[in-house]
>>> print(open('final.cif').read())   # mmCIF, C-alpha atoms
data_my_file
loop_
_atom_site.label_atom_id
_atom_site.label_comp_id
_atom_site.auth_asym_id
_atom_site.auth_seq_id
_atom_site.Cartn_x
_atom_site.Cartn_y
_atom_site.Cartn_z
CA MET A 1 31.21 -46.83 4.03
CA SER A 2 29.79 -44.31 1.58
CA VAL A 3 31.37 -40.95 0.85
CA TRP A 4 27.85 -39.50 0.82
CA ARG A 5 26.09 -38.30 3.96
CA ALA A 6 22.34 -37.83 4.27
CA ALA A 7 21.14 -34.31 3.42
CA LYS A 8 17.87 -32.40 3.22
CA ALA A 9 16.38 -32.13 -0.26
CA ARG A 10 16.47 -28.32 -0.05
CA ARG A 11 20.26 -28.44 0.40
CA VAL A 12 20.72 -30.91 -2.46
CA LEU A 13 18.61 -28.76 -4.80
CA ALA A 14 20.64 -25.67 -3.84
CA ALA A 15 23.86 -27.57 -4.61
CA LEU A 16 22.48 -28.64 -8.01
CA LYS A 17 21.64 -25.03 -8.82
CA CYS A 18 25.19 -23.99 -7.87
CA ILE A 19 26.68 -26.45 -10.37
CA GLY A 20 24.51 -25.16 -13.21
CA TRP A 21 21.14 -26.92 -13.03
CA GLN A 22 18.01 -24.80 -13.48
CA ILE A 23 14.35 -25.57 -12.84
CA LYS A 24 12.68 -26.05 -16.21
CA ARG A 25 9.19 -26.63 -14.78
CA GLN A 26 7.56 -27.72 -11.54
CA SER A 27 4.42 -29.59 -10.57
CA GLY A 28 4.07 -29.95 -6.80
CA SER A 29 7.28 -31.44 -5.40
CA HIS A 30 8.36 -32.73 -8.84
CA ARG A 31 10.91 -30.40 -10.39
CA ARG A 32 12.23 -30.96 -13.90
CA LEU A 33 15.82 -29.69 -14.02
CA GLU A 34 17.87 -28.82 -17.09
CA ARG A 35 21.54 -28.16 -17.75
CA PRO A 36 23.28 -27.72 -21.09
CA GLY A 37 25.03 -30.90 -22.19
CA TRP A 38 23.05 -33.13 -19.80
CA PRO A 39 19.71 -34.92 -20.18
CA ASP A 40 16.88 -33.41 -18.12
CA PHE A 41 16.58 -34.74 -14.57
CA THR A 42 13.46 -35.06 -12.39
CA PHE A 43 14.02 -34.09 -8.77
CA ALA A 44 10.98 -35.42 -6.88
CA PHE A 45 11.56 -34.67 -3.20
CA HIS A 46 9.85 -32.40 -0.70
CA ASP A 47 12.16 -29.68 0.68
CA GLU A 48 12.24 -31.08 4.23
CA GLN A 49 12.72 -34.70 3.12
CA GLU A 50 15.99 -36.37 4.14
CA ILE A 51 17.83 -37.96 1.20
CA GLY A 52 20.05 -40.89 2.15
CA PRO A 53 23.52 -41.78 0.87
CA ARG A 54 22.36 -44.39 -1.67
CA MET A 55 19.88 -42.01 -3.31
CA LEU A 56 22.46 -39.20 -3.32
CA ALA A 57 24.86 -41.51 -5.17
CA ARG A 58 22.16 -42.20 -7.77
CA ILE A 59 21.41 -38.49 -8.14
CA ALA A 60 25.14 -37.87 -8.59
CA GLN A 61 25.33 -40.37 -11.47
CA HIS A 62 22.71 -38.41 -13.40
CA THR A 63 23.70 -34.86 -12.47
CA GLY A 64 27.44 -34.72 -11.85
CA LEU A 65 26.93 -33.75 -8.19
CA ARG A 66 29.93 -34.41 -5.93
CA PRO A 67 30.07 -34.80 -2.13
CA GLU A 68 32.08 -31.58 -1.82
CA ASP A 69 29.28 -29.68 -3.63
CA LEU A 70 27.06 -30.19 -0.60
#
>>> encode(input="final.cif", output="structure tokens")
Amino acid sequence: MSVWRAAKARRVLAALKCIGWQIKRQSGSHRRLERPGWPDFTFAFHDEQEIGPRMLARIAQHTGLRPEDL
């Protein structure tokens, strides 16, 4: 069983902003995020889209997001 639970993309993006990520640029639903000391990350989800546990785990590997951040 995964420690991640499905969440709306809007909530995940808000959590990323809380841990220091900022939107560098946006084109439609594709948002390029930046954070000092980390490579840029592309967040390509619509706000109402549900993100599952496996994808959240992948996002976490690239951004440092933790389950308790949501």
>>> residues_around(input="final.cif", residues="Pro39 (chain A)", least_positions_apart="4", cutoff="10 Å", atoms="all atoms listed in the file", output="JSON, numbers by chain")
{"A": [33, 34, 35, 62, 63]}
>>> residues_near_point(input="final.cif", point="(11.7, -24.4, -17.1)", cutoff="10 Å", atoms="only C-alpha atoms", output="ChimeraX atom specification")
/A:22-26,31-34
>>> atom_distance(input="final.cif", atom1="CA of Ser2 (chain A)", atom2="CA of Ile51 (chain A)")
13.5 Å
>>> residues_around(input="final.cif", residues="Asp69 (chain A)", least_positions_apart="3", cutoff="12 Å", atoms="only C-alpha atoms", output="ChimeraX atom specification")
/A:4-5,7,11-20,56,60,63-66
>>> residues_around(input="final.cif", residues="Glu48 (chain A)", least_positions_apart="2", cutoff="7 Å", atoms="only C-alpha atoms", output="VMD selection string")
chain A and resid 8 to 10 46 50
>>> atom_distance(input="final.cif", atom1="CA of Trp21 (chain A)", atom2="CA of Gln49 (chain A)")
19.8 Å
>>> atom_distance(input="final.cif", atom1="CA of Ser29 (chain A)", atom2="CA of Val3 (chain A)")
26.6 Å
>>> closest_residue(input="final.cif", among="A:Leu70, A:Ala44, A:Ala6, A:Met55", to="Ser27 (chain A)", atoms="only C-alpha atoms")
A:Ala44
>>> build_atoms(input="final.cif", residues="region 17-38 of chain A", atoms="N, CA, C and O atoms", output="compact mmCIF listing (two decimals), in the frame of the given file")
# COMPACT_ATOMS: atom_id res chain seq x y z
N LYS A 17 21.73 -26.35 -8.18
CA LYS A 17 21.64 -25.03 -8.82
C LYS A 17 23.01 -24.38 -8.90
O LYS A 17 23.33 -23.73 -9.90
N CYS A 18 23.84 -24.57 -7.87
CA CYS A 18 25.19 -23.99 -7.87
C CYS A 18 26.09 -24.58 -8.95
O CYS A 18 26.98 -23.90 -9.45
N ILE A 19 25.84 -25.84 -9.33
CA ILE A 19 26.68 -26.45 -10.37
C ILE A 19 26.07 -26.30 -11.76
O ILE A 19 26.55 -26.91 -12.72
N GLY A 20 25.01 -25.49 -11.88
CA GLY A 20 24.51 -25.16 -13.21
C GLY A 20 23.13 -25.67 -13.58
O GLY A 20 22.66 -25.40 -14.68
N TRP A 21 22.47 -26.43 -12.72
CA TRP A 21 21.14 -26.92 -13.03
C TRP A 21 20.11 -25.83 -12.78
O TRP A 21 20.25 -25.03 -11.85
N GLN A 22 19.09 -25.77 -13.62
CA GLN A 22 18.01 -24.80 -13.48
C GLN A 22 16.67 -25.54 -13.53
O GLN A 22 16.54 -26.57 -14.19
N ILE A 23 15.69 -24.98 -12.82
CA ILE A 23 14.35 -25.57 -12.84
C ILE A 23 13.68 -25.21 -14.16
O ILE A 23 13.52 -24.04 -14.48
N LYS A 24 13.34 -26.23 -14.92
CA LYS A 24 12.68 -26.05 -16.21
C LYS A 24 11.17 -25.88 -16.00
O LYS A 24 10.55 -25.01 -16.59
N ARG A 25 10.60 -26.74 -15.15
CA ARG A 25 9.19 -26.63 -14.78
C ARG A 25 8.99 -27.39 -13.47
O ARG A 25 9.82 -28.20 -13.07
N GLN A 26 7.85 -27.10 -12.82
CA GLN A 26 7.56 -27.72 -11.54
C GLN A 26 6.08 -28.03 -11.43
O GLN A 26 5.25 -27.24 -11.84
N SER A 27 5.79 -29.19 -10.86
CA SER A 27 4.42 -29.59 -10.57
C SER A 27 4.43 -30.22 -9.18
O SER A 27 4.88 -31.36 -9.01
N GLY A 28 4.00 -29.47 -8.18
CA GLY A 28 4.07 -29.95 -6.80
C GLY A 28 5.51 -30.06 -6.37
O GLY A 28 6.29 -29.13 -6.50
N SER A 29 5.90 -31.24 -5.84
CA SER A 29 7.28 -31.44 -5.40
C SER A 29 8.16 -31.97 -6.53
O SER A 29 9.36 -32.15 -6.34
N HIS A 30 7.59 -32.24 -7.70
CA HIS A 30 8.36 -32.73 -8.84
C HIS A 30 8.93 -31.55 -9.61
O HIS A 30 8.17 -30.74 -10.15
N ARG A 31 10.25 -31.48 -9.65
CA ARG A 31 10.91 -30.40 -10.39
C ARG A 31 11.69 -31.01 -11.54
O ARG A 31 12.47 -31.94 -11.34
N ARG A 32 11.48 -30.50 -12.72
CA ARG A 32 12.23 -30.96 -13.90
C ARG A 32 13.39 -29.99 -14.06
O ARG A 32 13.20 -28.78 -14.25
N LEU A 33 14.63 -30.52 -13.95
CA LEU A 33 15.82 -29.69 -14.02
C LEU A 33 16.49 -29.85 -15.38
O LEU A 33 16.46 -30.92 -15.98
N GLU A 34 17.13 -28.77 -15.83
CA GLU A 34 17.87 -28.82 -17.09
C GLU A 34 19.23 -28.20 -16.91
O GLU A 34 19.44 -27.32 -16.07
N ARG A 35 20.17 -28.68 -17.72
CA ARG A 35 21.54 -28.16 -17.75
C ARG A 35 22.11 -28.46 -19.13
O ARG A 35 21.96 -29.59 -19.62
N PRO A 36 22.71 -27.47 -19.76
CA PRO A 36 23.28 -27.72 -21.09
C PRO A 36 24.27 -28.88 -21.08
O PRO A 36 25.12 -28.99 -20.20
N GLY A 37 24.13 -29.76 -22.06
CA GLY A 37 25.03 -30.90 -22.19
C GLY A 37 24.63 -32.12 -21.37
O GLY A 37 25.31 -33.13 -21.40
N TRP A 38 23.53 -32.03 -20.64
CA TRP A 38 23.05 -33.13 -19.80
C TRP A 38 21.59 -33.40 -20.14
O TRP A 38 20.86 -32.48 -20.46
